[in-house]
$ cat target-v6.txt   # compact mmCIF, C-alpha atoms
# COMPACT_ATOMS: atom_id res chain seq x y z
CA MET A 5 -55.95 -37.28 99.20
CA LYS A 6 -53.42 -38.55 96.66
CA LYS A 7 -56.23 -39.30 94.21
CA ILE A 8 -57.53 -35.74 94.50
CA LEU A 9 -54.06 -34.27 93.94
CA PHE A 10 -53.42 -36.59 90.99
CA SER A 11 -56.82 -35.76 89.47
CA THR A 12 -56.24 -32.04 89.89
CA LEU A 13 -52.78 -32.27 88.34
CA PHE A 14 -54.14 -34.32 85.43
CA ILE A 15 -56.88 -31.76 84.75
CA LEU A 16 -54.37 -28.91 84.86
CA VAL A 17 -52.08 -30.67 82.38
CA LEU A 18 -54.95 -31.30 79.98
CA SER A 19 -56.23 -27.76 80.23
CA GLY A 20 -52.68 -26.50 79.68
CA ALA A 21 -52.46 -28.38 76.38
CA ALA A 22 -55.81 -26.95 75.26
CA LYS A 23 -54.73 -23.48 76.36
CA ALA A 24 -51.50 -23.77 74.35
CA LYS A 25 -53.50 -24.41 71.16
CA ASN A 26 -55.85 -21.54 72.06
CA ASN A 27 -52.91 -19.18 72.67
CA CYS A 28 -51.71 -19.75 69.11
CA LEU A 29 -55.19 -19.34 67.67
CA GLU A 30 -55.84 -16.21 69.77
CA MET A 31 -52.60 -14.71 68.51
CA LEU A 32 -53.51 -15.54 64.91
CA ASN A 33 -57.00 -14.06 65.25
CA GLY A 34 -55.52 -10.82 66.56
CA TYR A 35 -52.55 -10.67 64.19
CA VAL A 36 -53.55 -11.97 60.75
CA PRO A 37 -56.59 -9.78 59.93
CA ASP A 38 -54.56 -6.61 60.61
CA ASP A 39 -51.48 -7.58 58.58
CA GLU A 40 -51.99 -7.12 54.83
CA ALA A 41 -48.68 -8.85 54.16
CA ILE A 42 -50.23 -12.18 55.14
CA LYS A 43 -52.19 -13.86 52.37
CA LEU A 44 -53.05 -16.95 54.40
CA ALA A 45 -52.22 -18.57 57.74
CA HIS A 46 -52.70 -22.36 57.59
CA LEU A 47 -52.74 -24.01 61.03
CA THR A 48 -52.65 -27.79 61.46
CA ASP A 49 -51.75 -29.93 64.46
CA GLU A 50 -48.15 -30.23 63.21
CA THR A 51 -47.43 -26.92 61.44
CA LEU A 52 -48.33 -23.27 61.12
CA THR A 53 -47.66 -22.03 57.60
CA PHE A 54 -47.88 -18.38 56.63
CA TYR A 55 -48.16 -17.54 52.94
CA ILE A 56 -46.74 -14.03 52.62
CA ASN A 57 -47.59 -11.47 49.92
CA ASN A 58 -44.10 -11.01 48.53
CA ILE A 59 -44.80 -8.75 45.53
CA ARG A 60 -44.33 -5.02 46.20
CA ASN A 61 -44.19 -2.42 43.43
CA LEU A 62 -44.20 -5.26 40.88
CA LYS A 63 -41.02 -6.72 42.40
CA ASP A 64 -40.33 -9.84 44.44
CA ILE A 65 -39.17 -8.85 47.92
CA ASN A 66 -37.16 -10.75 50.49
CA ILE A 67 -39.78 -11.56 53.12
CA ALA A 68 -37.10 -12.15 55.76
CA GLU A 69 -36.22 -8.44 55.60
CA PHE A 70 -39.82 -7.68 56.59
CA GLY A 71 -39.54 -9.82 59.72
CA PHE A 72 -40.87 -13.12 58.39
CA ASN A 73 -37.78 -15.06 59.44
CA GLN A 74 -36.69 -17.85 61.77
CA SER A 75 -36.57 -15.51 64.78
CA MET A 76 -40.24 -14.66 64.34
CA ALA A 77 -41.09 -18.35 63.85
CA ASP A 78 -39.22 -19.23 67.05
CA LEU A 79 -41.05 -16.48 68.95
CA MET A 80 -44.45 -17.78 67.82
CA GLN A 81 -43.50 -21.31 68.80
CA LYS A 82 -42.19 -20.35 72.24
CA LYS A 83 -44.42 -17.47 73.30
CA TYR A 84 -47.73 -18.63 71.80
CA ASN A 85 -47.11 -22.40 71.72
CA CYS A 86 -47.71 -22.62 67.99
CA PRO A 87 -46.58 -25.74 66.15
CA LYS A 88 -43.56 -25.67 63.81
CA THR A 89 -43.89 -22.31 62.06
CA ARG A 90 -42.70 -21.44 58.57
CA PHE A 91 -43.08 -18.58 56.11
CA ILE A 92 -43.55 -19.16 52.39
CA LYS A 93 -43.83 -16.66 49.56
CA ALA A 94 -47.35 -16.59 48.12
CA TYR A 95 -46.12 -15.66 44.64
CA ASP A 96 -43.17 -16.70 42.50
CA SER A 97 -40.63 -14.12 41.32
CA ASN A 98 -42.78 -13.34 38.25
CA GLY A 99 -45.84 -12.55 40.37
CA MET A 100 -47.72 -15.77 39.64
CA PRO A 101 -49.51 -17.35 42.65
CA GLN A 102 -48.00 -20.53 44.04
CA PRO A 103 -50.02 -23.57 42.89
CA VAL A 104 -51.05 -24.58 46.42
CA LYS A 105 -54.44 -26.10 47.20
CA ILE A 106 -55.84 -25.88 50.72
CA LYS A 107 -59.32 -27.25 51.45
CA ALA A 108 -59.98 -27.68 47.70
CA ARG A 109 -59.28 -24.00 46.99
CA LEU A 110 -56.23 -22.50 45.36
CA LEU A 111 -54.02 -20.13 47.33
CA LYS A 112 -54.98 -17.28 44.99
CA ASP A 113 -58.59 -17.56 46.19
CA TYR A 114 -57.70 -16.67 49.78
CA ASP A 115 -57.07 -13.19 51.09
CA ASN A 116 -55.84 -12.40 54.60
CA GLN A 117 -57.44 -15.46 56.21
CA ILE A 118 -56.79 -18.17 58.78
CA ILE A 119 -57.48 -21.79 57.85
CA LEU A 120 -57.64 -24.44 60.58
CA VAL A 121 -57.17 -28.10 59.77
CA GLY A 122 -57.38 -30.61 62.61
CA LYS A 123 -56.91 -34.35 62.70
$ encode --input "target-v6.txt" --output "structure tokens"
Amino acid sequence: MKKILFSTLFILVLSGAAKAKNNCLEMLNGYVPDDEAIKLAHLTDETLTFYINNIRNLKDINIAEFGFNQSMADLMQKKYNCPKTRFIKAYDSNGMPQPVKIKARLLKDYDNQIILVGK
């Protein structure tokens, strides 16, 4: 009987870890395509990085004022079990794309997408 209980508990723990990763991915799949402010969401095992379109009316905006702040990062980490979440401006203050390469492509080549990178 103890073996059955232990086995059941072990399976539940493993499925819980898989579900946590799926919760984050489900949230991203529902959230990112509908939000034009997000240039790219880059999910790895350790981090979730959002590159935010920060140029509006030819001016650099403060993305924290649009809700991309630590409170939102904490919510994603707690509610959806996402890894460490951070928000980065996709463009510098002059409107030039950040020189970031993800999967051999520059950040400027992505548009409102989710990129998954696993171990």
$ closest_residue --input "target-v6.txt" --among "A:Asp115, A:Asn98, A:Ile59, A:Ile106" --to "A:His46" --atoms "all atoms listed in the file"
A:Ile106
$ atom_distance --input "target-v6.txt" --atom1 "atom CA of A:Ile119" --atom2 "atom CA of A:Met76"
19.8 Å
$ atom_distance --input "target-v6.txt" --atom1 "atom CA of A:Gln117" --atom2 "atom CA of A:Ile42"
8.0 Å
$ closest_residue --input "target-v6.txt" --among "A:Arg109, A:Lys88, A:Lys82, A:Lys93" --to "A:Asp64" --atoms "all atoms listed in the file"
A:Lys93
$ residues_near_point --input "target-v6.txt" --point "(-56.6, -20.9, 44.7)" --cutoff "12 Å" --atoms "only C-alpha atoms" --output "PDB file with C-alpha atoms, keeping the file's coordinate frame"
ATOM      1  CA  LYS A  43     -52.190 -13.860  52.370  1.00  0.00           C
ATOM      2  CA  LEU A  44     -53.050 -16.950  54.400  1.00  0.00           C
ATOM      3  CA  ALA A  94     -47.350 -16.590  48.120  1.00  0.00           C
ATOM      4  CA  TYR A  95     -46.120 -15.660  44.640  1.00  0.00           C
ATOM      5  CA  MET A 100     -47.720 -15.770  39.640  1.00  0.00           C
ATOM      6  CA  PRO A 101     -49.510 -17.350  42.650  1.00  0.00           C
ATOM      7  CA  GLN A 102     -48.000 -20.530  44.040  1.00  0.00           C
ATOM      8  CA  PRO A 103     -50.020 -23.570  42.890  1.00  0.00           C
ATOM      9  CA  VAL A 104     -51.050 -24.580  46.420  1.00  0.00           C
ATOM     10  CA  LYS A 105     -54.440 -26.100  47.200  1.00  0.00           C
ATOM     11  CA  ILE A 106     -55.840 -25.880  50.720  1.00  0.00           C
ATOM     12  CA  LYS A 107     -59.320 -27.250  51.450  1.00  0.00           C
ATOM     13  CA  ALA A 108     -59.980 -27.680  47.700  1.00  0.00           C
ATOM     14  CA  ARG A 109     -59.280 -24.000  46.990  1.00  0.00           C
ATOM     15  CA  LEU A 110     -56.230 -22.500  45.360  1.00  0.00           C
ATOM     16  CA  LEU A 111     -54.020 -20.130  47.330  1.00  0.00           C
ATOM     17  CA  LYS A 112     -54.980 -17.280  44.990  1.00  0.00           C
ATOM     18  CA  ASP A 113     -58.590 -17.560  46.190  1.00  0.00           C
ATOM     19  CA  TYR A 114     -57.700 -16.670  49.780  1.00  0.00           C
ATOM     20  CA  ASP A 115     -57.070 -13.190  51.090  1.00  0.00           C
TER      21      ASP A 115
END
$ axis_aligned_box --input "target-v6.txt" --around "stretch 43-48 of chain A" --padding-each-side "6 Å" --output "AutoDock Vina command-line options"
--center_x -52.6 --center_y -20.8 --center_z 56.9 --size_x 12.9 --size_y 25.9 --size_z 21.1
$ residues_near_point --input "target-v6.txt" --point "(-38.5, -8.7, 53.3)" --cutoff "12 Å" --atoms "all atoms listed in the file" --output "list in words"
Ala41, Ile56, Asn57, Asn58, Ile59, Arg60, Lys63, Asp64, Ile65, Asn66, Ile67, Ala68, Glu69, Phe70, Gly71, Phe72, Asn73, Phe91, Ile92 and Lys93 of chain A
$ decode --input "target-v6.txt" --residues "stretch 55-79 of chain A" --atoms "N, CA and C atoms" --output "PDB file, in the first residue's frame"
ATOM      1  N   TYR A  55      10.775  41.241 -25.091  1.00  0.00           N
ATOM      2  CA  TYR A  55      11.321  42.413 -25.760  1.00  0.00           C
ATOM      3  C   TYR A  55      10.118  43.251 -26.176  1.00  0.00           C
ATOM      4  N   ILE A  56      10.054  44.458 -25.622  1.00  0.00           N
ATOM      5  CA  ILE A  56       8.874  45.313 -25.755  1.00  0.00           C
ATOM      6  C   ILE A  56       9.117  46.414 -26.779  1.00  0.00           C
ATOM      7  N   ASN A  57       8.136  46.607 -27.685  1.00  0.00           N
ATOM      8  CA  ASN A  57       8.193  47.724 -28.636  1.00  0.00           C
ATOM      9  C   ASN A  57       8.046  49.017 -27.842  1.00  0.00           C
ATOM     10  N   ASN A  58       9.126  49.754 -27.708  1.00  0.00           N
ATOM     11  CA  ASN A  58       9.130  50.932 -26.852  1.00  0.00           C
ATOM     12  C   ASN A  58       9.130  52.249 -27.620  1.00  0.00           C
ATOM     13  N   ILE A  59       8.936  52.223 -28.923  1.00  0.00           N
ATOM     14  CA  ILE A  59       8.886  53.455 -29.711  1.00  0.00           C
ATOM     15  C   ILE A  59       7.435  53.730 -30.084  1.00  0.00           C
ATOM     16  N   ARG A  60       6.922  54.859 -29.624  1.00  0.00           N
ATOM     17  CA  ARG A  60       5.562  55.302 -29.937  1.00  0.00           C
ATOM     18  C   ARG A  60       5.646  56.748 -30.416  1.00  0.00           C
ATOM     19  N   ASN A  61       5.021  57.035 -31.540  1.00  0.00           N
ATOM     20  CA  ASN A  61       5.033  58.387 -32.101  1.00  0.00           C
ATOM     21  C   ASN A  61       6.458  58.929 -32.202  1.00  0.00           C
ATOM     22  N   LEU A  62       7.366  58.073 -32.641  1.00  0.00           N
ATOM     23  CA  LEU A  62       8.778  58.398 -32.834  1.00  0.00           C
ATOM     24  C   LEU A  62       9.496  58.785 -31.543  1.00  0.00           C
ATOM     25  N   LYS A  63       8.941  58.384 -30.408  1.00  0.00           N
ATOM     26  CA  LYS A  63       9.570  58.686 -29.115  1.00  0.00           C
ATOM     27  C   LYS A  63       9.743  57.407 -28.311  1.00  0.00           C
ATOM     28  N   ASP A  64      10.795  57.386 -27.502  1.00  0.00           N
ATOM     29  CA  ASP A  64      11.060  56.278 -26.592  1.00  0.00           C
ATOM     30  C   ASP A  64      10.152  56.429 -25.373  1.00  0.00           C
ATOM     31  N   ILE A  65       9.365  55.396 -25.094  1.00  0.00           N
ATOM     32  CA  ILE A  65       8.456  55.460 -23.948  1.00  0.00           C
ATOM     33  C   ILE A  65       9.022  54.668 -22.779  1.00  0.00           C
ATOM     34  N   ASN A  66       8.499  54.939 -21.611  1.00  0.00           N
ATOM     35  CA  ASN A  66       8.840  54.185 -20.413  1.00  0.00           C
ATOM     36  C   ASN A  66       7.915  52.974 -20.371  1.00  0.00           C
ATOM     37  N   ILE A  67       8.459  51.791 -20.632  1.00  0.00           N
ATOM     38  CA  ILE A  67       7.617  50.595 -20.720  1.00  0.00           C
ATOM     39  C   ILE A  67       6.979  50.234 -19.379  1.00  0.00           C
ATOM     40  N   ALA A  68       7.574  50.654 -18.285  1.00  0.00           N
ATOM     41  CA  ALA A  68       6.999  50.375 -16.962  1.00  0.00           C
ATOM     42  C   ALA A  68       5.654  51.075 -16.797  1.00  0.00           C
ATOM     43  N   GLU A  69       5.492  52.230 -17.413  1.00  0.00           N
ATOM     44  CA  GLU A  69       4.220  52.953 -17.343  1.00  0.00           C
ATOM     45  C   GLU A  69       3.105  52.230 -18.103  1.00  0.00           C
ATOM     46  N   PHE A  70       3.476  51.335 -19.000  1.00  0.00           N
ATOM     47  CA  PHE A  70       2.504  50.557 -19.762  1.00  0.00           C
ATOM     48  C   PHE A  70       2.277  49.189 -19.136  1.00  0.00           C
ATOM     49  N   GLY A  71       2.772  48.989 -17.916  1.00  0.00           N
ATOM     50  CA  GLY A  71       2.508  47.759 -17.177  1.00  0.00           C
ATOM     51  C   GLY A  71       3.603  46.716 -17.250  1.00  0.00           C
ATOM     52  N   PHE A  72       4.638  46.957 -18.013  1.00  0.00           N
ATOM     53  CA  PHE A  72       5.738  46.001 -18.115  1.00  0.00           C
ATOM     54  C   PHE A  72       6.748  46.298 -17.008  1.00  0.00           C
ATOM     55  N   ASN A  73       6.373  45.930 -15.800  1.00  0.00           N
ATOM     56  CA  ASN A  73       7.176  46.262 -14.617  1.00  0.00           C
ATOM     57  C   ASN A  73       7.366  45.025 -13.738  1.00  0.00           C
ATOM     58  N   GLN A  74       7.989  45.215 -12.594  1.00  0.00           N
ATOM     59  CA  GLN A  74       8.286  44.095 -11.705  1.00  0.00           C
ATOM     60  C   GLN A  74       7.014  43.437 -11.167  1.00  0.00           C
ATOM     61  N   SER A  75       5.966  44.205 -10.963  1.00  0.00           N
ATOM     62  CA  SER A  75       4.703  43.623 -10.486  1.00  0.00           C
ATOM     63  C   SER A  75       4.134  42.631 -11.500  1.00  0.00           C
ATOM     64  N   MET A  76       4.204  42.981 -12.769  1.00  0.00           N
ATOM     65  CA  MET A  76       3.720  42.073 -13.801  1.00  0.00           C
ATOM     66  C   MET A  76       4.616  40.840 -13.890  1.00  0.00           C
ATOM     67  N   ALA A  77       5.918  41.030 -13.761  1.00  0.00           N
ATOM     68  CA  ALA A  77       6.859  39.899 -13.780  1.00  0.00           C
ATOM     69  C   ALA A  77       6.565  38.954 -12.617  1.00  0.00           C
ATOM     70  N   ASP A  78       6.350  39.524 -11.431  1.00  0.00           N
ATOM     71  CA  ASP A  78       6.037  38.702 -10.259  1.00  0.00           C
ATOM     72  C   ASP A  78       4.738  37.931 -10.448  1.00  0.00           C
ATOM     73  N   LEU A  79       3.735  38.562 -11.037  1.00  0.00           N
ATOM     74  CA  LEU A  79       2.464  37.905 -11.300  1.00  0.00           C
ATOM     75  C   LEU A  79       2.651  36.709 -12.236  1.00  0.00           C
TER      76      LEU A  79
END
